[in-house]
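Colleague: The following block contains the structure, expressed as structure tokens.
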Amino acid sequence: DSRRPGEGLPTLTVTTILEDPYVMVRSAELEGYCIDLLKALAAMLHFSYKVKVVGDGQYGAVSSTGNWTGMIGEILRQEADIAVAPLTVTSAREEVVSFTTPFLQTGIGILLRKDTVSQEMSFFHFLAPFSKETWTGLLFAYVLTCFCLFLVARLSPCEWNEPKNEENHFTFLNSLWFGAGALALQGVTPRPKALSVRVIAAVWWLFTIALLAAYIANFTALLSSGSEQLPIQTFEDLVKQRKLEFGTLEGSSTFYYFKNSKNPIHQMIYEYMDKRRDHVLVKTYQEAVQRVLESNYAFIGESISQDLAAARHCDLIRAPEVIGARGFGIATTQASLWTKKLSIAVLKLRESGDLDYLRNKWWETSCLHKSRERWSPLQPQALGGLFLTLAIGLALGVIAAVVELSNKSRHAAGHVKKSCCSVFTEEMCTRLRIKENTRQSQETSGRANA
């Protein structure tokens with residue numbers, strides 16, 4: 001791909017490297033982000049250019065002989081005037097060549113395959129839809145409701161008219177069973193007769209229906225978002241795990257970033273890669289992506305390139321943490337007059353929004369991403385109104401039972417010619433201590449028979 005020199009237009013020899021989507025071969029011609037950028041710069045600065053792909057396929061690093069390889073080497077040997085490629089600006093490269101203002105900002109990220117890092121479901125995964133506080137509140141509400149059923153059934157004359165001669169069906173165990181059956185949407189006995197007991201039963205049924213709906217909805221969201229819960233969020237997580245191997249491009253700036261870093265985690269990553277360099281370091285970016293797709297391998301590299309891989313391959317994802325903020329710049333010889341001109345032109349393209357347009361054009365995704373918020377357990381605050389409704393219903397049920405008992409006591413007080421309060425107190429004590437009274441009456445009758 002070349003542009004013929006026009007009259008009076010200077011011609012620049014441009015070196016680049018084949019990497020999707022920066023430079024790609026399509027129909028015997030080069031295209032991509034860097035080619036579009038080069039065309040825009042040429043139009044602004046009025047120069048023609050001739051593009052050639054770097055001979056050794058390298059970006060640029062110091063070899064064992066002390067010479068520079070890749071595009072940096074070609075500029076130093078004056079085989080090219082400028083390098084327009086995803087070439088990271090580093091201090092070592094800046095010592096031998098000059099860089100323009102970065103045209104793309106990037107960093108170092110971790111590329112993973114989704115199924116190798118999906119969170120394994122725990123044995124008690126069915127408890128996950130609610131938080132611990134919500135489960136505690138549910139247990140408390142269940143016990144309190146069952147106790148209110150037991151209490152109201154004893155107080156209400158409609159449920160238990162003759163305490164000394166009848167047996168109350170709503171024992172505490174039966175009340176617990178009634179509450180559990182309603183929680184599972186199963187009809188159970190005993191069936192409530194009194195209005196007060198029915199009020200509590202009805203409000204508990206309403207509570208359980210709303211609670212089950214919330215549980216099912218949150219459990220469905222949990223299952224559908226399970227693949228998004230990444231246990232590897234940071235580089236520290238990557239070092240601690242043993243399931244995935246990890247590496248980077250051989251001789252890349254990323255490799256030397258970890259080599260020169262004083263961070264203990266970064267040093268551990270470098271030592272791991274250096275000891276296994278023949279196995280974990282890859283030659284090309286395409287090889288790295290293929291290896292991540294086909295094996296338990298995590299690739300450490302330029303985050304912006306990893307975003308492209310995740311956009312093109314829906315099975316891939318980039319971990320959230322990005323370190324070592326850096327930029328891609330255009331490299332020139334140190335004495336070049338084009339450095340400042342190109343920097344100003346890059347800034348103008350950024351200010352006009354052209355660089356953003358190119359970024360969106362070449363990083364367009366083919367995956368259908370669902371805009372789903374990160375899942376979290378349902379907190380008690382979300383169900384606060386539901387618990388309040390239950391509390392009000394329990395209070396109404398108890399009040400109704402007291403009213404029913406007081407009405408019966410008022411009628412009974414007229415017959416026995418006692419005060420209403422004394423009859424009410426006797427009825428209350430009899431109903432709450434029925435087992436002791438029954439035992440005493442049995443003992444009395446036993447003595448009389450003897």
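Each chain in the structure tokens gets a letter, A, B and so on, in the order shown; residues start at 1 in every chain, and ligands are counted from 1 in the order they appear.
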Near segment 266-274 of chain A, within 12 Å and counting only C-alpha atoms, which residues show up once chain neighbours fewer than 3 positions away are dropped, as a JSON list (two decimals) with N, CA and C atoms, in the first residue's frame?
Modeller:
[["chain", "number", "residue", "atom", "x", "y", "z"],
["A", 108, "ILE", "N", -2.01, -2.06, 30.92],
["A", 108, "ILE", "CA", -1.76, -3.51, 30.93],
["A", 108, "ILE", "C", -2.93, -4.19, 31.61],
["A", 234, "THR", "N", -7.95, -8.89, 39.78],
["A", 234, "THR", "CA", -6.71, -8.12, 39.84],
["A", 234, "THR", "C", -5.52, -9.02, 39.50],
["A", 235, "PHE", "N", -4.36, -8.40, 39.39],
["A", 235, "PHE", "CA", -3.13, -9.17, 39.14],
["A", 235, "PHE", "C", -2.76, -10.00, 40.37],
["A", 236, "GLU", "N", -3.14, -9.54, 41.55],
["A", 236, "GLU", "CA", -2.89, -10.32, 42.76],
["A", 236, "GLU", "C", -3.70, -11.61, 42.73],
["A", 237, "ASP", "N", -4.94, -11.53, 42.27],
["A", 237, "ASP", "CA", -5.77, -12.74, 42.13],
["A", 237, "ASP", "C", -5.13, -13.72, 41.14],
["A", 238, "LEU", "N", -4.52, -13.18, 40.09],
["A", 238, "LEU", "CA", -3.89, -14.03, 39.07],
["A", 238, "LEU", "C", -2.71, -14.78, 39.65],
["A", 239, "VAL", "N", -1.92, -14.11, 40.49],
["A", 239, "VAL", "CA", -0.75, -14.75, 41.08],
["A", 239, "VAL", "C", -1.15, -15.84, 42.08],
["A", 240, "LYS", "N", -2.23, -15.59, 42.83],
["A", 240, "LYS", "CA", -2.63, -16.51, 43.89],
["A", 240, "LYS", "C", -3.22, -17.81, 43.36],
["A", 241, "GLN", "N", -3.86, -17.77, 42.19],
["A", 241, "GLN", "CA", -4.52, -18.97, 41.69],
["A", 241, "GLN", "C", -3.52, -19.91, 41.02],
["A", 242, "ARG", "N", -3.92, -21.16, 40.85],
["A", 242, "ARG", "CA", -3.04, -22.18, 40.24],
["A", 242, "ARG", "C", -3.68, -22.84, 39.02],
["A", 245, "GLU", "N", -2.32, -20.74, 33.61],
["A", 245, "GLU", "CA", -0.98, -20.24, 33.29],
["A", 245, "GLU", "C", -1.14, -18.82, 32.72],
["A", 246, "PHE", "N", -0.09, -18.02, 32.80],
["A", 246, "PHE", "CA", -0.20, -16.67, 32.25],
["A", 246, "PHE", "C", 1.15, -16.22, 31.70],
["A", 247, "GLY", "N", 1.07, -15.38, 30.68],
["A", 247, "GLY", "CA", 2.29, -14.87, 30.04],
["A", 247, "GLY", "C", 1.96, -13.67, 29.19],
["A", 248, "THR", "N", 2.98, -13.19, 28.46],
["A", 248, "THR", "CA", 2.81, -12.02, 27.62],
["A", 248, "THR", "C", 3.62, -12.17, 26.35],
["A", 249, "LEU", "N", 3.67, -11.11, 25.53],
["A", 249, "LEU", "CA", 4.45, -11.15, 24.30],
["A", 249, "LEU", "C", 5.93, -11.11, 24.62],
["A", 250, "GLU", "N", 6.69, -11.97, 23.98],
["A", 250, "GLU", "CA", 8.14, -12.03, 24.20],
["A", 250, "GLU", "C", 8.79, -10.72, 23.72],
["A", 251, "GLY", "N", 9.59, -10.12, 24.58],
["A", 251, "GLY", "CA", 10.31, -8.90, 24.21],
["A", 251, "GLY", "C", 9.45, -7.66, 24.17],
["A", 254, "THR", "N", 5.45, -4.76, 27.86],
["A", 254, "THR", "CA", 4.73, -5.31, 29.01],
["A", 254, "THR", "C", 5.65, -6.21, 29.83],
["A", 255, "PHE", "N", 6.44, -7.02, 29.15],
["A", 255, "PHE", "CA", 7.37, -7.92, 29.83],
["A", 255, "PHE", "C", 8.38, -7.12, 30.63],
["A", 256, "TYR", "N", 8.91, -6.06, 30.04],
["A", 256, "TYR", "CA", 9.92, -5.25, 30.72],
["A", 256, "TYR", "C", 9.31, -4.38, 31.81],
["A", 257, "TYR", "N", 8.03, -4.09, 31.70],
["A", 257, "TYR", "CA", 7.35, -3.35, 32.76],
["A", 257, "TYR", "C", 7.37, -4.15, 34.05],
["A", 258, "PHE", "N", 7.06, -5.45, 33.96],
["A", 258, "PHE", "CA", 7.07, -6.30, 35.15],
["A", 258, "PHE", "C", 8.51, -6.56, 35.63],
["A", 259, "LYS", "N", 9.44, -6.59, 34.70],
["A", 259, "LYS", "CA", 10.85, -6.81, 35.07],
["A", 259, "LYS", "C", 11.38, -5.64, 35.90],
["A", 260, "ASN", "N", 11.00, -4.43, 35.54],
["A", 260, "ASN", "CA", 11.55, -3.24, 36.19],
["A", 260, "ASN", "C", 10.72, -2.77, 37.38],
["A", 261, "SER", "N", 9.52, -3.33, 37.56],
["A", 261, "SER", "CA", 8.63, -2.88, 38.63],
["A", 261, "SER", "C", 9.15, -3.30, 40.00],
["A", 262, "LYS", "N", 8.97, -2.41, 40.98],
["A", 262, "LYS", "CA", 9.36, -2.71, 42.36],
["A", 262, "LYS", "C", 8.19, -3.30, 43.16],
["A", 263, "ASN", "N", 7.02, -3.36, 42.55],
["A", 263, "ASN", "CA", 5.85, -3.92, 43.22],
["A", 263, "ASN", "C", 6.05, -5.43, 43.42],
["A", 277, "ARG", "N", 9.70, -19.01, 30.46],
["A", 277, "ARG", "CA", 9.61, -18.17, 29.26],
["A", 277, "ARG", "C", 9.40, -18.97, 27.99],
["A", 278, "ASP", "N", 9.96, -20.17, 27.91],
["A", 278, "ASP", "CA", 9.79, -20.98, 26.69],
["A", 278, "ASP", "C", 8.36, -21.50, 26.55],
["A", 279, "HIS", "N", 7.65, -21.52, 27.64],
["A", 279, "HIS", "CA", 6.31, -22.11, 27.63],
["A", 279, "HIS", "C", 5.19, -21.07, 27.68],
["A", 280, "VAL", "N", 5.38, -20.00, 28.44],
["A", 280, "VAL", "CA", 4.28, -19.05, 28.65],
["A", 280, "VAL", "C", 4.39, -17.78, 27.80],
["A", 281, "LEU", "N", 5.57, -17.46, 27.29],
["A", 281, "LEU", "CA", 5.70, -16.27, 26.44],
["A", 281, "LEU", "C", 5.30, -16.63, 25.01],
["A", 282, "VAL", "N", 4.57, -15.73, 24.36],
["A", 282, "VAL", "CA", 4.08, -15.99, 23.00],
["A", 282, "VAL", "C", 4.78, -15.06, 22.02],
["A", 298, "ALA", "N", -4.00, -17.26, 30.59],
["A", 298, "ALA", "CA", -4.38, -15.85, 30.69],
["A", 298, "ALA", "C", -3.28, -15.01, 30.04],
["A", 299, "PHE", "N", -3.68, -14.08, 29.20],
["A", 299, "PHE", "CA", -2.71, -13.27, 28.47],
["A", 299, "PHE", "C", -2.64, -11.88, 29.10],
["A", 300, "ILE", "N", -1.42, -11.47, 29.44],
["A", 300, "ILE", "CA", -1.18, -10.13, 29.99],
["A", 300, "ILE", "C", -0.66, -9.26, 28.85],
["A", 323, "ILE", "N", -3.24, -1.65, 34.80],
["A", 323, "ILE", "CA", -2.10, -0.98, 35.44],
["A", 323, "ILE", "C", -1.21, -0.37, 34.36],
["A", 324, "GLY", "N", -0.26, 0.42, 34.79],
["A", 324, "GLY", "CA", 0.75, 0.96, 33.87],
["A", 324, "GLY", "C", 0.17, 1.77, 32.73]]
Colleague: Fewer than 3 positions away in the same chain doesn't count, so skip those; otherwise give me all residues within 10 Å of Glu321 of chain A, counting only C-alpha atoms, as a list in words.
Modeller: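 Residues near the query, excluding close chain neighbours: Gly107, Ile108, Gly109, Ile110, Ile232, Gln233, Thr234, Phe235, Ser303 and Arg318 of chain A.
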Colleague: I want to know what sits within 8 Å of segment 56-58 of chain A, based on only C-alpha atoms, with residues of the same chain fewer than 5 positions away left out; could you give that as an MDAnalysis selection string?
Modeller: chainID A and resid 17:18 69:71
Colleague: Would you mind exporting all heavy atoms of the selected residues as a PDB file, in the first residue's frame?
Modeller:
ATOM      1  N   ILE A  17       3.381  -2.750  11.595  1.00  0.00           N
ATOM      2  CA  ILE A  17       3.333  -4.174  11.922  1.00  0.00           C
ATOM      3  C   ILE A  17       1.909  -4.660  11.723  1.00  0.00           C
ATOM      4  O   ILE A  17       0.956  -3.915  11.952  1.00  0.00           O
ATOM      5  CB  ILE A  17       3.815  -4.416  13.364  1.00  0.00           C
ATOM      6  CG1 ILE A  17       4.070  -5.895  13.637  1.00  0.00           C
ATOM      7  CG2 ILE A  17       2.837  -3.849  14.375  1.00  0.00           C
ATOM      8  CD1 ILE A  17       4.813  -6.158  14.943  1.00  0.00           C
ATOM      9  N   LEU A  18       1.759  -5.879  11.269  1.00  0.00           N
ATOM     10  CA  LEU A  18       0.424  -6.426  11.041  1.00  0.00           C
ATOM     11  C   LEU A  18      -0.197  -6.835  12.372  1.00  0.00           C
ATOM     12  O   LEU A  18       0.273  -7.767  13.036  1.00  0.00           O
ATOM     13  CB  LEU A  18       0.499  -7.641  10.102  1.00  0.00           C
ATOM     14  CG  LEU A  18       0.918  -7.359   8.659  1.00  0.00           C
ATOM     15  CD1 LEU A  18       1.008  -8.652   7.863  1.00  0.00           C
ATOM     16  CD2 LEU A  18      -0.062  -6.402   7.986  1.00  0.00           C
ATOM     17  N   THR A  69      15.784  -4.244  17.684  1.00  0.00           N
ATOM     18  CA  THR A  69      15.044  -5.038  16.692  1.00  0.00           C
ATOM     19  C   THR A  69      13.780  -4.285  16.286  1.00  0.00           C
ATOM     20  O   THR A  69      13.491  -3.194  16.779  1.00  0.00           O
ATOM     21  CB  THR A  69      14.646  -6.394  17.295  1.00  0.00           C
ATOM     22  OG1 THR A  69      13.781  -6.167  18.430  1.00  0.00           O
ATOM     23  CG2 THR A  69      15.877  -7.175  17.757  1.00  0.00           C
ATOM     24  N   GLY A  70      13.015  -4.885  15.395  1.00  0.00           N
ATOM     25  CA  GLY A  70      11.694  -4.387  15.049  1.00  0.00           C
ATOM     26  C   GLY A  70      11.671  -3.016  14.407  1.00  0.00           C
ATOM     27  O   GLY A  70      12.622  -2.587  13.749  1.00  0.00           O
ATOM     28  N   MET A  71      10.556  -2.303  14.598  1.00  0.00           N
ATOM     29  CA  MET A  71      10.347  -1.003  13.967  1.00  0.00           C
ATOM     30  C   MET A  71      11.325   0.047  14.487  1.00  0.00           C
ATOM     31  O   MET A  71      11.776   0.920  13.729  1.00  0.00           O
ATOM     32  CB  MET A  71       8.899  -0.545  14.207  1.00  0.00           C
ATOM     33  CG  MET A  71       7.865  -1.378  13.479  1.00  0.00           C
ATOM     34  SD  MET A  71       6.161  -0.888  13.864  1.00  0.00           S
ATOM     35  CE  MET A  71       5.932  -1.667  15.453  1.00  0.00           C
TER      36      MET A  71
END
Colleague: I need the residue nearest Leu396 of chain A from this list: A:Ala202, A:Val23, A:Thr101, A:Glu133. Use only C-alpha atoms for the distance.
Modeller: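 Of the candidates, the smallest distance to Leu396 of chain A is held by A:Ala202.
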Colleague: Going by DSSP on the backbone, which bits of segment 92-310 of chain A are strand (DSSP E or B)? Write them as a PyMOL selection string, please.
Modeller: chain A and resi 98-99+104-113+130+245-247+249+282+297-302
Colleague: Since we have the selection now, will you write its residues out, keeping C-alpha atoms, as a PDB file, in the first residue's frame?
Modeller:
ATOM      1  CA  SER A  98      11.421  10.447  19.364  1.00  0.00           C
ATOM      2  CA  PHE A  99       7.699   9.919  19.898  1.00  0.00           C
ATOM      3  CA  LEU A 104      -4.288   6.018  21.836  1.00  0.00           C
ATOM      4  CA  GLN A 105      -4.221   5.593  25.619  1.00  0.00           C
ATOM      5  CA  THR A 106      -3.911   2.099  27.015  1.00  0.00           C
ATOM      6  CA  GLY A 107      -2.523   0.079  29.914  1.00  0.00           C
ATOM      7  CA  ILE A 108      -1.756  -3.509  30.928  1.00  0.00           C
ATOM      8  CA  GLY A 109      -4.689  -5.849  31.454  1.00  0.00           C
ATOM      9  CA  ILE A 110      -5.510  -9.544  31.778  1.00  0.00           C
ATOM     10  CA  LEU A 111      -7.363 -11.380  28.995  1.00  0.00           C
ATOM     11  CA  LEU A 112      -9.298 -14.465  30.118  1.00  0.00           C
ATOM     12  CA  ARG A 113     -11.710 -17.017  28.745  1.00  0.00           C
ATOM     13  CA  PHE A 130     -31.029 -13.211  49.998  1.00  0.00           C
ATOM     14  CA  GLU A 245      -0.983 -20.242  33.288  1.00  0.00           C
ATOM     15  CA  PHE A 246      -0.196 -16.672  32.248  1.00  0.00           C
ATOM     16  CA  GLY A 247       2.285 -14.872  30.042  1.00  0.00           C
ATOM     17  CA  LEU A 249       4.448 -11.152  24.298  1.00  0.00           C
ATOM     18  CA  VAL A 282       4.078 -15.992  23.004  1.00  0.00           C
ATOM     19  CA  TYR A 297      -4.087 -19.524  29.730  1.00  0.00           C
ATOM     20  CA  ALA A 298      -4.379 -15.847  30.692  1.00  0.00           C
ATOM     21  CA  PHE A 299      -2.715 -13.267  28.472  1.00  0.00           C
ATOM     22  CA  ILE A 300      -1.177 -10.135  29.988  1.00  0.00           C
ATOM     23  CA  GLY A 301      -0.956  -7.333  27.448  1.00  0.00           C
ATOM     24  CA  GLU A 302      -2.252  -4.040  26.137  1.00  0.00           C
TER      25      GLU A 302
END
Colleague: Considering only C-alpha atoms, can you say which of A:Gly393, A:Pro102, A:Gly187, A:Pro320 comes closest to Ala141 of chain A?
Modeller: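 The answer is A:Gly393, which sits nearest to Ala141 of chain A.
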Colleague: What is the distance between atom CA of Leu144 of chain A and atom CA of Ala180 of chain A, in Å to one decimal?
Modeller: 12.5 Å
Colleague: Find the residues near Phe147 of chain A: any atom within 8 Å, counting only C-alpha atoms, skip ones fewer than 3 places away on the same chain, and give them as a list in words.
Modeller: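 Once the nearby chain positions are removed, what remains is Val143, Leu144, Phe150, Leu151, Phe172, Ser175 and Leu176 of chain A.
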Colleague: I need the residues from that last selection saved to file as a PDB file, in the first residue's frame (with C-alpha atoms), if you can.
Modeller:
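The resulting file, again.pdb, is shown below:
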ATOM      1  CA  VAL A 143     -41.302 -17.628  64.467  1.00  0.00           C
ATOM      2  CA  LEU A 144     -43.083 -14.436  65.535  1.00  0.00           C
ATOM      3  CA  PHE A 150     -50.686 -19.781  68.793  1.00  0.00           C
ATOM      4  CA  LEU A 151     -51.443 -16.845  71.138  1.00  0.00           C
ATOM      5  CA  PHE A 172     -47.361 -24.195  69.101  1.00  0.00           C
ATOM      6  CA  SER A 175     -48.801 -23.247  64.455  1.00  0.00           C
ATOM      7  CA  LEU A 176     -45.220 -23.793  63.258  1.00  0.00           C
TER       8      LEU A 176
END
Colleague: Between atom CA of Val423 of chain A and atom CA of Lys408 of chain A, what distance in Å does the model show, to one decimal?
Modeller: 9.2 Å
Colleague: As a list in words, please: the residues near Leu45 of chain A (cut-off 9 Å, only C-alpha atoms, same-chain neighbours under 2 positions excluded).
Modeller: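 Counting only C-alpha atoms, the residues come to Ala40, Leu41, Ala42, Ala43, Phe47, Lys341, Leu342 and Ala345 of chain A.
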Colleague: Store the residues of this selection in a file with C-alpha atoms, as a CSV table (one decimal), in the first residue's frame.
Modeller:
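Wrote it out as out.csv, contents follow:
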chain,number,residue,atom,x,y,z
A,40,ALA,CA,-5.7,11.8,8.0
A,41,LEU,CA,-2.2,13.0,8.9
A,42,ALA,CA,-1.0,13.0,5.3
A,43,ALA,CA,-4.0,15.1,4.3
A,47,PHE,CA,3.0,14.6,2.6
A,341,LYS,CA,4.2,18.6,13.2
A,342,LEU,CA,2.8,15.1,13.8
A,345,ALA,CA,-1.8,17.0,14.0
